[in-house]
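work.cif follows; it contains mmCIF, C-alpha atoms.
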data_data
#
loop_
_atom_site.label_atom_id
_atom_site.label_comp_id
_atom_site.auth_asym_id
_atom_site.auth_seq_id
_atom_site.Cartn_x
_atom_site.Cartn_y
_atom_site.Cartn_z
CA MET A 13 -1.55 -26.55 4.75
CA LEU A 14 -1.43 -22.85 3.87
CA ASN A 15 -4.54 -20.70 3.88
CA ASP A 16 -5.45 -18.95 0.65
CA PRO A 17 -3.88 -15.46 1.01
CA ASP A 18 -6.49 -13.96 -1.35
CA SER A 19 -9.53 -15.19 0.60
CA LEU A 20 -11.55 -13.00 2.96
CA GLU A 21 -12.98 -16.07 4.70
CA ASN A 22 -9.91 -16.91 6.79
CA ARG A 23 -10.44 -14.15 9.35
CA ASP A 24 -11.31 -15.62 12.76
CA PRO A 25 -12.80 -13.23 15.39
CA ARG A 26 -12.15 -15.73 18.19
CA PHE A 27 -8.48 -15.97 17.22
CA ILE A 28 -8.27 -12.16 17.02
CA LYS A 29 -9.78 -11.86 20.51
CA ARG A 30 -7.27 -14.31 22.00
CA LEU A 31 -4.29 -12.67 20.29
CA THR A 32 -5.29 -9.11 21.24
CA SER A 33 -5.67 -10.28 24.84
CA VAL A 34 -2.07 -11.50 24.77
CA LEU A 35 -0.89 -8.24 23.20
CA ASP A 36 -2.73 -6.20 25.86
CA SER A 37 -0.95 -8.03 28.66
CA THR A 38 2.56 -8.17 27.12
CA MET A 39 3.49 -5.86 24.28
CA ALA A 40 1.29 -2.91 25.27
CA PRO A 41 2.67 -2.44 28.82
CA TYR A 42 6.24 -3.26 27.71
CA HIS A 43 6.17 -0.32 25.30
CA ARG A 44 3.99 1.90 27.56
CA THR A 45 1.66 2.19 24.59
CA GLU A 46 -0.86 4.98 24.15
CA VAL A 47 -3.40 4.92 21.32
CA ARG A 48 -5.29 8.18 20.77
CA GLY A 49 -8.10 9.41 18.57
CA LEU A 50 -10.11 6.20 18.18
CA SER A 51 -13.28 8.28 18.55
CA ARG A 52 -12.44 9.97 15.23
CA ILE A 53 -13.04 6.76 13.29
CA PRO A 54 -16.26 7.02 11.23
CA ARG A 55 -19.08 4.62 12.09
CA GLN A 56 -19.87 3.90 8.42
CA ASP A 57 -18.85 0.53 7.05
CA GLY A 58 -16.20 1.18 4.42
CA LEU A 59 -13.03 3.15 5.15
CA ILE A 60 -9.29 2.98 4.51
CA TYR A 61 -6.76 3.27 7.32
CA VAL A 62 -3.48 4.64 5.90
CA GLY A 63 -0.40 4.44 8.13
CA ASN A 64 3.33 4.91 8.24
CA HIS A 65 5.11 1.54 8.35
CA ASN A 66 7.61 0.97 11.19
CA GLY A 67 9.65 -1.49 13.17
CA TYR A 68 10.86 -4.32 10.94
CA PRO A 69 10.46 -7.21 11.58
CA TYR A 70 8.08 -7.11 14.58
CA MET A 71 5.88 -4.21 13.37
CA SER A 72 4.83 -3.61 16.99
CA ASP A 73 2.67 -0.59 16.18
CA PHE A 74 0.59 -2.60 13.70
CA TRP A 75 -0.31 -5.17 16.35
CA LEU A 76 -0.92 -2.55 19.03
CA PHE A 77 -3.14 -0.37 16.83
CA THR A 78 -5.29 -3.24 15.64
CA ALA A 79 -5.57 -4.59 19.20
CA ALA A 80 -6.78 -1.18 20.38
CA LEU A 81 -9.32 -1.13 17.54
CA PHE A 82 -10.67 -4.53 18.52
CA ASN A 83 -10.87 -3.56 22.20
CA GLU A 84 -12.80 -0.39 21.33
CA TYR A 85 -15.12 -1.57 18.54
CA GLY A 86 -14.89 -5.34 18.33
CA ILE A 87 -14.82 -6.73 14.80
CA SER A 88 -16.94 -3.89 13.29
CA ARG A 89 -14.07 -1.43 12.76
CA PHE A 90 -11.35 -4.09 12.60
CA PRO A 91 -9.70 -4.01 9.15
CA TYR A 92 -8.55 -6.44 6.57
CA VAL A 93 -4.85 -5.74 6.06
CA LEU A 94 -2.79 -5.81 2.87
CA ALA A 95 0.35 -7.89 3.58
CA HIS A 96 3.51 -8.52 1.54
CA LYS A 97 3.18 -11.52 -0.76
CA LEU A 98 6.33 -13.16 0.68
CA THR A 99 5.39 -12.77 4.36
CA ILE A 100 1.88 -14.10 3.98
CA ARG A 101 3.09 -17.31 2.29
CA VAL A 102 5.58 -18.33 5.00
CA PRO A 103 4.35 -21.39 6.96
CA LEU A 104 3.10 -20.52 10.47
CA LEU A 105 3.10 -16.81 9.60
CA ASN A 106 0.48 -17.62 6.97
CA GLN A 107 -1.78 -19.16 9.63
CA ILE A 108 -1.34 -16.21 11.99
CA PHE A 109 -1.69 -13.40 9.48
CA THR A 110 -4.62 -14.79 7.50
CA ARG A 111 -6.63 -15.61 10.63
CA TYR A 112 -5.89 -12.07 11.85
CA GLY A 113 -7.43 -10.63 8.68
CA CYS A 114 -4.42 -10.17 6.41
CA VAL A 115 -4.69 -10.71 2.66
CA ARG A 116 -2.15 -10.54 -0.13
CA ALA A 117 -1.29 -6.98 -1.11
CA SER A 118 -2.98 -6.55 -4.48
CA GLY A 119 -5.54 -4.34 -6.15
CA GLN A 120 -7.94 -7.26 -6.47
CA CYS A 121 -7.89 -8.04 -2.74
CA ALA A 122 -8.30 -4.37 -1.81
CA ALA A 123 -11.27 -4.08 -4.17
CA ARG A 124 -12.99 -7.16 -2.70
CA VAL A 125 -12.62 -5.80 0.84
CA LEU A 126 -14.13 -2.42 -0.04
CA GLU A 127 -16.87 -3.88 -2.23
CA ARG A 128 -18.10 -5.85 0.75
CA GLY A 129 -18.07 -2.75 2.97
CA PHE A 130 -15.21 -3.80 5.26
CA PRO A 131 -12.49 -1.46 6.64
CA LEU A 132 -9.10 -1.78 4.96
CA LEU A 133 -5.65 -1.07 6.40
CA LEU A 134 -2.74 -0.44 4.07
CA TYR A 135 0.78 0.97 4.27
CA PRO A 136 1.70 2.78 1.03
CA GLY A 137 5.39 2.71 1.95
CA ALA A 138 5.39 -1.12 2.05
CA GLU A 139 8.67 -2.88 2.88
CA VAL A 140 10.74 0.05 1.59
CA GLU A 141 9.43 2.22 4.43
CA LEU A 142 9.33 -0.65 6.91
CA MET A 143 13.10 -1.22 6.47
CA ARG A 144 14.16 2.43 6.18
CA PRO A 145 17.13 3.59 8.33
CA HIS A 146 16.47 4.64 11.91
CA ARG A 147 17.61 8.19 11.12
CA GLU A 148 14.60 8.49 8.76
CA ARG A 149 12.02 7.36 11.32
CA THR A 150 10.08 10.66 11.08
CA ARG A 151 9.99 10.56 7.27
CA LEU A 152 7.71 8.79 4.82
CA ARG A 153 8.60 6.67 1.81
CA PHE A 154 5.31 6.60 -0.05
CA ASN A 155 7.36 7.22 -3.22
CA GLY A 156 4.51 8.87 -5.10
CA ARG A 157 2.05 6.00 -4.58
CA THR A 158 -1.58 7.10 -4.91
CA SER A 159 -3.49 3.80 -4.97
CA HIS A 160 -5.07 4.56 -1.58
CA ILE A 161 -6.50 7.82 -2.96
CA ARG A 162 -7.82 6.10 -6.09
CA LEU A 163 -9.49 3.38 -4.00
CA ALA A 164 -11.08 5.95 -1.67
CA MET A 165 -12.52 7.91 -4.62
CA LYS A 166 -13.68 4.85 -6.52
CA TYR A 167 -15.59 3.35 -3.58
CA GLY A 168 -16.63 6.64 -1.96
CA VAL A 169 -14.99 5.89 1.42
CA PRO A 170 -12.92 8.15 3.69
CA ILE A 171 -9.24 7.78 4.41
CA VAL A 172 -8.31 7.70 8.10
CA PRO A 173 -4.59 8.49 8.62
CA VAL A 174 -2.94 6.55 11.45
CA VAL A 175 0.41 7.84 12.74
CA SER A 176 2.77 5.97 15.04
CA VAL A 177 6.19 6.60 16.56
CA GLY A 178 8.47 4.45 18.71
CA SER A 179 8.17 1.13 16.92
CA HIS A 180 11.04 2.03 14.60
CA SER A 181 13.29 2.39 17.66
CA THR A 182 12.83 -1.17 18.95
CA ALA A 183 15.92 -2.05 16.90
CA MET A 184 18.23 0.21 14.93
CA ILE A 185 18.37 -0.17 11.16
CA LEU A 186 21.64 1.53 10.22
CA ASP A 187 21.05 1.36 6.47
CA ASP A 188 18.61 -0.39 4.12
CA LEU A 189 21.15 -1.05 1.31
CA PRO A 190 18.68 -1.16 -1.61
CA TRP A 191 21.49 -1.46 -4.15
CA LEU A 192 22.67 -4.66 -2.40
CA ALA A 193 19.15 -6.13 -2.54
CA ASP A 194 19.14 -5.44 -6.27
CA ALA A 195 22.66 -6.79 -6.79
CA ILE A 196 22.02 -10.17 -5.13
CA GLY A 197 18.65 -10.62 -6.82
CA ALA A 198 16.41 -10.12 -3.74
CA LYS A 199 14.43 -7.43 -5.51
CA SER A 200 13.60 -9.55 -8.54
CA LYS A 201 13.23 -12.96 -6.84
CA LEU A 202 11.68 -12.06 -3.48
CA GLY A 203 10.12 -8.67 -4.14
CA ILE A 204 12.27 -7.15 -1.36
CA ASN A 205 13.74 -3.75 -2.15
CA ALA A 206 16.04 -3.55 0.89
CA TRP A 207 18.73 -5.64 2.59
CA PRO A 208 18.93 -3.98 6.02
CA LEU A 209 22.00 -3.65 8.19
CA MET A 210 20.58 -3.82 11.74
CA LEU A 211 21.72 -3.39 15.32
CA SER A 212 19.65 -5.43 17.80
CA ILE A 213 19.83 -7.11 21.20
CA PRO A 214 21.46 -9.64 21.64
CA TRP A 215 22.66 -10.26 18.07
CA GLY A 216 24.44 -6.98 17.58
CA LEU A 217 25.13 -6.25 13.93
CA THR A 218 23.25 -8.36 11.34
CA LEU A 219 22.94 -8.09 7.58
CA GLY A 220 19.78 -8.99 5.70
CA PRO A 221 16.05 -9.21 6.47
CA PHE A 222 16.11 -12.76 7.88
CA ILE A 223 17.06 -12.01 11.48
CA PRO A 224 16.54 -14.37 14.46
CA PRO A 225 14.11 -13.24 17.16
CA TYR A 226 15.62 -10.42 19.19
CA ILE A 227 14.81 -8.48 22.37
CA PRO A 228 13.11 -5.23 21.31
CA TRP A 229 14.27 -2.03 22.93
CA PRO A 230 11.42 -0.92 25.26
CA SER A 231 10.79 2.34 23.45
CA ARG A 232 7.51 4.09 24.22
CA ILE A 233 5.02 3.73 21.35
CA LEU A 234 2.52 6.49 20.62
CA ILE A 235 -0.23 5.97 18.03
CA GLU A 236 -2.74 8.60 16.94
CA VAL A 237 -5.73 8.39 14.62
CA LEU A 238 -6.13 11.66 12.69
CA GLU A 239 -9.26 13.27 11.31
CA PRO A 240 -10.83 11.39 8.36
CA MET A 241 -10.35 12.80 4.86
CA ALA A 242 -12.64 12.34 1.86
CA TRP A 243 -12.65 13.62 -1.71
CA ALA A 244 -14.77 13.27 -4.82
CA PRO A 245 -13.22 12.62 -8.25
CA GLN A 246 -12.58 15.74 -10.31
CA GLY A 247 -12.09 16.18 -14.04
CA ALA A 248 -10.51 13.66 -16.34
CA GLY A 249 -7.11 12.90 -17.74
CA ALA A 250 -4.35 15.23 -16.56
CA GLU A 251 -6.72 17.26 -14.39
CA SER A 252 -7.83 14.14 -12.54
CA GLU A 253 -4.21 13.05 -12.00
CA ARG A 254 -3.32 16.47 -10.55
CA HIS A 255 -6.29 16.25 -8.19
CA ILE A 256 -5.27 12.75 -7.05
CA ALA A 257 -1.68 13.90 -6.48
CA ALA A 258 -2.89 16.89 -4.44
CA CYS A 259 -5.06 14.63 -2.26
CA ALA A 260 -2.14 12.25 -1.71
CA ALA A 261 0.08 15.18 -0.71
CA GLN A 262 -2.58 16.30 1.78
CA VAL A 263 -2.56 12.89 3.46
CA GLU A 264 1.24 12.78 3.58
CA GLN A 265 1.49 16.29 5.03
CA ALA A 266 -0.99 15.45 7.79
CA ILE A 267 0.98 12.31 8.69
CA LEU A 268 4.35 14.12 8.60
CA SER A 269 3.13 16.91 10.88
CA ALA A 270 1.79 14.41 13.40
CA LEU A 271 5.00 12.34 13.13
CA ALA A 272 7.18 15.28 14.12
CA ARG A 273 4.89 16.23 17.01
CA LEU A 274 4.58 12.71 18.42
CA GLU A 275 8.30 11.92 18.10
CA ALA A 276 9.19 15.13 19.98
CA GLU A 277 6.75 14.12 22.73
CA ARG A 278 8.06 10.55 22.83
CA MET A 279 11.67 11.62 23.21
CA THR A 280 10.84 13.59 26.36
CA GLN A 281 9.50 10.36 27.88
CA GLU A 282 12.32 7.98 26.97
CA ARG A 283 14.48 8.38 30.09
CA PRO A 284 13.07 5.47 32.18
CA PRO A 285 13.98 2.65 29.75
CA LEU A 286 17.29 4.37 29.04
CA GLU A 287 18.07 4.26 32.75
CA VAL A 288 17.26 0.55 32.89
CA LEU A 289 19.41 -0.57 29.97
CA LYS A 290 21.80 2.29 29.32
CA GLY A 291 24.84 0.59 30.90
CA ALA A 292 24.85 -2.46 28.66
CA PHE A 293 23.73 -0.53 25.60
CA MET A 294 26.35 2.20 26.04
CA LYS A 295 29.08 -0.43 26.40
CA ALA A 296 27.91 -2.09 23.19
CA LEU A 297 27.86 1.22 21.34
CA SER A 298 31.29 2.15 22.69
CA TRP A 299 32.65 -1.16 21.42
CA ILE A 300 31.09 -0.55 18.02
CA GLU A 301 32.49 2.98 17.92
CA ALA A 302 35.98 1.67 18.76
CA HIS A 303 35.77 -0.99 16.04
CA ILE A 304 33.73 0.89 13.44
CA ASP A 305 36.60 1.09 10.96
CA ALA A 306 37.12 -2.67 11.13
CA LEU A 307 33.35 -3.22 10.81
CA SER A 308 33.26 -0.95 7.78
CA ARG A 309 36.04 -2.94 6.13
CA TRP A 310 34.14 -6.16 6.94
CA LEU A 311 31.02 -4.72 5.30
CA VAL A 312 32.98 -3.92 2.13
CA GLU A 313 34.60 -7.38 2.04
CA ALA A 314 31.35 -9.25 2.78
CA GLY A 315 29.42 -7.25 0.22
CA THR A 316 32.10 -7.81 -2.39
CA ARG A 317 32.02 -11.58 -1.79
CA LEU A 318 28.22 -11.61 -2.05
CA LEU A 319 28.39 -9.73 -5.31
CA GLY A 320 31.04 -12.09 -6.61
CA LEU A 321 28.76 -15.04 -5.91
CA SER A 322 25.80 -13.38 -7.56
CA GLY A 323 27.53 -12.95 -10.90
CA ARG A 324 25.59 -9.76 -11.69
CA GLY A 325 28.04 -8.00 -13.98
CA GLU A 326 26.78 -4.39 -14.14
CA ALA A 327 25.85 -4.24 -10.44
CA GLN A 328 29.11 -5.93 -9.52
CA ARG A 329 31.19 -3.31 -11.32
CA ALA A 330 29.32 -0.44 -9.66
CA ALA A 331 29.26 -2.02 -6.19
CA PRO A 332 32.74 -1.27 -4.73
CA SER A 333 32.26 2.50 -4.77
CA GLU A 334 28.73 2.09 -3.35
CA LEU A 335 30.08 -0.14 -0.57
CA VAL A 336 32.71 2.43 0.39
CA LYS A 337 30.05 5.17 0.50
CA VAL A 338 27.77 3.08 2.71
CA ALA A 339 30.64 2.09 5.01
CA SER A 340 31.63 5.75 5.40
CA GLN A 341 28.03 6.80 6.08
CA LEU A 342 27.64 3.94 8.56
CA ALA A 343 30.71 5.03 10.54
CA GLN A 344 29.47 8.62 10.58
CA ASP A 345 25.95 7.62 11.72
CA VAL A 346 27.21 5.35 14.50
CA ARG A 347 29.57 8.00 15.89
CA HIS A 348 26.77 10.58 15.72
CA ASP A 349 24.31 8.29 17.54
CA VAL A 350 26.88 7.43 20.22
CA ASP A 351 27.54 11.13 20.82
CA LEU A 352 23.80 11.81 21.15
CA LEU A 353 23.29 8.95 23.62
CA ARG A 354 26.28 10.03 25.68
CA GLU A 355 24.92 13.57 25.84
CA MET A 356 21.54 12.18 26.96
CA GLN A 357 23.33 10.18 29.66
CA ARG A 358 25.27 13.26 30.85
CA ARG A 359 22.07 15.31 31.03
CA SER A 360 20.30 12.57 32.94
CA GLU A 361 23.15 12.32 35.45
CA ARG A 362 23.27 16.11 35.88
CA ASN A 363 19.50 16.29 36.47
CA ALA A 364 19.68 13.44 38.99
CA ALA A 365 22.55 15.15 40.85
CA VAL A 366 20.65 18.46 41.00
CA SER A 367 17.58 16.67 42.29
CA ARG A 368 19.58 14.93 45.03
CA ARG A 369 21.23 18.20 46.09
CA THR A 370 17.89 20.01 46.20
CA THR A 371 16.31 17.27 48.30
CA ALA A 372 19.26 17.22 50.71
CA THR A 373 19.27 21.04 51.04
CA ARG A 374 15.59 21.19 51.79
CA ALA A 375 15.91 18.43 54.36
CA ALA A 376 18.78 20.26 56.07
CA ARG A 377 16.97 23.60 56.03
CA ARG A 378 13.62 22.30 57.20
CA PRO A 379 13.19 23.55 60.81
CA ARG A 380 10.30 23.09 63.16
CA PHE A 381 8.04 26.15 63.07
CA THR A 382 5.98 27.53 65.94
CA GLU A 383 2.34 28.43 65.51
CA ARG A 384 3.28 32.12 65.59
CA GLU A 385 5.89 31.66 62.85
CA ILE A 386 3.43 29.75 60.70
CA ASP A 387 0.91 32.59 61.01
CA GLU A 388 3.58 35.10 59.94
CA ILE A 389 4.53 32.94 56.95
CA LEU A 390 0.91 32.74 55.82
CA ALA A 391 0.61 36.51 56.25
CA GLN A 392 3.50 37.03 53.79
CA ALA A 393 1.55 35.13 51.13
CA ARG A 394 -1.62 37.11 51.85
CA LYS A 395 0.33 40.34 51.33
CA GLY A 396 1.29 39.28 47.82
CA LYS A 397 4.46 37.25 48.14
CA SER A 398 4.30 34.20 45.86
CA VAL A 399 3.88 30.78 47.43
CA HIS A 400 6.82 29.52 45.36
CA ASN A 401 9.18 32.15 46.83
CA VAL A 402 7.94 31.56 50.38
CA CYS A 403 8.50 27.80 50.09
CA ASP A 404 11.89 28.20 48.44
CA GLU A 405 13.20 30.55 51.14
CA LEU A 406 12.04 28.33 54.00
CA GLY A 407 12.89 24.98 52.43
CA ILE A 408 9.34 23.65 52.65
CA SER A 409 7.14 22.03 50.04
CA ALA A 410 4.06 23.64 48.55
CA SER A 411 1.94 20.85 50.02
CA THR A 412 3.21 21.81 53.52
CA PHE A 413 2.30 25.45 52.92
CA TYR A 414 -1.23 24.63 51.80
CA ARG A 415 -1.69 22.23 54.69
CA TRP A 416 -0.75 25.03 57.09
CA ARG A 417 -3.15 27.39 55.37
CA SER A 418 -6.05 24.94 55.64
CA GLN A 419 -5.28 24.33 59.32
CA HIS A 420 -4.91 28.04 60.19
CA THR A 421 -7.83 29.44 58.17
CA GLY A 422 -9.57 32.17 60.11
CA ARG A 423 -6.80 32.71 62.62
CA LEU A 424 -5.47 36.21 63.20
CA VAL A 425 -1.84 36.96 62.39
CA HIS A 426 0.13 37.80 65.50
CA SER A 427 1.64 41.23 65.43
CA GLY A 428 4.99 40.26 66.88
#
Would you give me this structure, written as structure tokens?
Amino acid sequence: MLNDPDSLENRDPRFIKRLTSVLDSTMAPYHRTEVRGLSRIPRQDGLIYVGNHNGYPYMSDFWLFTAALFNEYGISRFPYVLAHKLTIRVPLLNQIFTRYGCVRASGQCAARVLERGFPLLLYPGAEVELMRPHRERTRLRFNGRTSHIRLAMKYGVPIVPVVSVGSHSTAMILDDLPWLADAIGAKSKLGINAWPLMLSIPWGLTLGPFIPPYIPWPSRILIEVLEPMAWAPQGAGAESERHIAACAAQVEQAILSALARLEAERMTQERPPLEVLKGAFMKALSWIEAHIDALSRWLVEAGTRLLGLSGRGEAQRAAPSELVKVASQLAQDVRHDVDLLREMQRRSERNAAVSRRTTATRAARRPRFTEREIDEILAQARKGKSVHNVCDELGISASTFYRWRSQHTGRLVHSG
């Protein structure tokens, strides 16, 4: 039996505690997760967390952020979450999501949460942002939505932006194909505005949102809570709308700035998992690159057959040219990503080779020093020569130099 997706009574703190415990011991260490800024969350009852939506279908950052919230504050700051109407009605998922505090995404559910003074978590980008291409992972797709601003003003609660990176790299969405979702009726029948073309392990290339469980790439996930924002309503009519739009732009700009900063930081830390899996992944990408033209033709043929079955006349007539454009863009994106990964691999190998040579050189140059020689070396540093230059010339580590200095403190330098 399905739980009522509009009810606030399904949330189960004991279930949340058990699930967050599992997440803490599995997903969090796998992605080397770091959640920052939890101390910025206001202590008052009502608030709205607004985040960028990533990582279809697992949404790893959603689970990791809410687990961190529960670990820090218990149920007091833990939010009710607006979830897609299709997801929350699927058997089994319904039981998990509703007990975790998810409710159907609607204005009525959001209002009930805030009226009762509970925190609310929502993703203005919804499934459109969740299924956006990997190349747009540092962009937002709020598409002019301002309902979060209107809710914050109406109920007098702050908005707390939550920014995450890394989750959208656990699998690679090559394109979201919104025109295909419209052409086959997914948009009108399921409320899904994308039909993603994905690359995942071990399934390789898949088309559509209904993908079997896959092995997520162990990308590092960084999540940061930004400073709260609050506004009062201003004016009426057009003036009020301009004020709401300006507030929405302020939230988006704050999230975009943090997105760029966190993604740049994350990319400097991605070498360890790349070293672990780069062999198999590079072989898979090389195969895809070698067969990309054939894959592009398959995409055109498969899409054309789907459109033929759908019987949608206008969309069907416009589809062939759209399919060719997408296939061309897909080939270009794959070749670009392969080139980037190969360059990362070359840099990693060069850095490793330099490190090995440096270690070997220092080991070969490291002689045994007499007490007199050590005193003379320390005297060079006292006369102004940098410790770095002294160590580099002698092939010793800085820790060796400082150990000598601590052992020889107070001794006179021999005059030779």
Evaluate the PyMOL selection byres ((chain A and resi 38-42) around 10) here and jot the selected residues down as a compact mmCIF listing (two decimals) with C-alpha atoms, keeping the file's coordinate frame.
# COMPACT_ATOMS: atom_id res chain seq x y z
CA THR A 32 -5.29 -9.11 21.24
CA SER A 33 -5.67 -10.28 24.84
CA VAL A 34 -2.07 -11.50 24.77
CA LEU A 35 -0.89 -8.24 23.20
CA ASP A 36 -2.73 -6.20 25.86
CA SER A 37 -0.95 -8.03 28.66
CA HIS A 43 6.17 -0.32 25.30
CA ARG A 44 3.99 1.90 27.56
CA THR A 45 1.66 2.19 24.59
CA GLU A 46 -0.86 4.98 24.15
CA VAL A 47 -3.40 4.92 21.32
CA SER A 72 4.83 -3.61 16.99
CA ASP A 73 2.67 -0.59 16.18
CA TRP A 75 -0.31 -5.17 16.35
CA LEU A 76 -0.92 -2.55 19.03
CA PHE A 77 -3.14 -0.37 16.83
CA ALA A 79 -5.57 -4.59 19.20
CA ALA A 80 -6.78 -1.18 20.38
CA PRO A 228 13.11 -5.23 21.31
CA TRP A 229 14.27 -2.03 22.93
CA PRO A 230 11.42 -0.92 25.26
CA SER A 231 10.79 2.34 23.45
CA ARG A 232 7.51 4.09 24.22
CA ILE A 233 5.02 3.73 21.35
CA PRO A 285 13.98 2.65 29.75
Can you list, as a CSV table (one decimal) with C-alpha atoms, keeping the file's coordinate frame, every protein, DNA or RNA residue that comes within 10 Å of A:Ala138 when you count all atoms listed in the file, leaving out same-chain residues fewer than 5 positions away?
chain,number,residue,atom,x,y,z
A,64,ASN,CA,3.3,4.9,8.2
A,65,HIS,CA,5.1,1.5,8.4
A,66,ASN,CA,7.6,1.0,11.2
A,94,LEU,CA,-2.8,-5.8,2.9
A,95,ALA,CA,0.4,-7.9,3.6
A,96,HIS,CA,3.5,-8.5,1.5
A,117,ALA,CA,-1.3,-7.0,-1.1
A,143,MET,CA,13.1,-1.2,6.5
A,153,ARG,CA,8.6,6.7,1.8
A,154,PHE,CA,5.3,6.6,0.0
A,204,ILE,CA,12.3,-7.2,-1.4
A,205,ASN,CA,13.7,-3.8,-2.2
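Of the listed residues A:Ser308, A:Asn15, A:Gln262, A:Gln246, the one whose atoms come nearest to A:Thr158 is A:Gln262, with distances taken using all atoms listed in the file.
Distances here use only C-alpha atoms; by that measure, the residue among A:Ala244, A:Arg147, A:Leu98, A:Val62 closest to A:Asp349 is A:Arg147.
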inquiry  = Given the PyMOL selection byres ((chain A and resi 256-261) around 10) and the file above, list the residues it selects as an NGL selection string.
reply    = :A and (154 or 156-162 or 165 or 241-246 or 250-255 or 262-267)
key: Protein/DNA/RNA residues near (1.9, 17.0, 11.6), cut 12 Å, only C-alpha atoms, as a PyMOL selection string   = chain A and resi 150-151+173-176+236-239+262-276
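The interatomic distance for the pair atom CA of A:Pro170 and atom CA of A:Thr99 works out to 27.8 Å.
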message = To test your reading of the syntax: which residues would the PyMOL selection byres ((chain A and resi 217) around 12) return for the file shown? Reply as number ranges by chain.
response = A: 183-187, 208-216, 218-220, 223-224, 226, 296-297, 299-300, 304, 307-308, 310-311, 342, 346
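Distance-wise, atom CA of A:Lys397 and atom CA of A:Glu383 end up 19.6 Å apart.
Of the residues listed (A:Gly86, A:Pro145, A:Gly58, A:Pro136), A:Pro145 shows the shortest atom-to-atom separation from A:Ala206; distances use all atoms listed in the file.
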Axis-aligned box for all listed atoms of stretch 102-115 of chain A, 5 Å per side, centre and edges in Å to one decimal, as JSON:
{"center_x": -0.9, "center_y": -15.8, "center_z": 7.3, "size_x": 23.0, "size_y": 21.2, "size_z": 19.3}
request  = Do a neighbour search on A:Thr78 at 10 Å with only C-alpha atoms, toss out local chain neighbours closer than 5 positions, and write the hits as a PyMOL selection string.
outcome  = chain A and resi 28+32+73+83-84+89-91+93+112+133
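For the atom pair formed by atom CA of A:Phe413 and atom CA of A:Thr370, the distance is 17.8 Å, given to one decimal.
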ask   = Which residues, written as a list in words, have at least one atom at most 12 Å from A:Cys121, with only C-alpha atoms counted and residues fewer than 2 positions away on the same chain left out?
value = Asp16, Pro17, Asp18, Ser19, Leu20, Tyr92, Val93, Leu94, Ala95, Lys97, Gly113, Cys114, Val115, Arg116, Ala117, Ser118, Gly119, Ala123, Arg124, Val125, Leu126, Glu127, Arg128, Phe130, Leu132, Leu133, Leu134 and Leu163 of chain A
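When all atoms listed in the file are used to compute distances to A:Tyr61, the closest of the residues A:Pro25, A:Val399, A:Arg417, A:Val169 turns out to be A:Val169.
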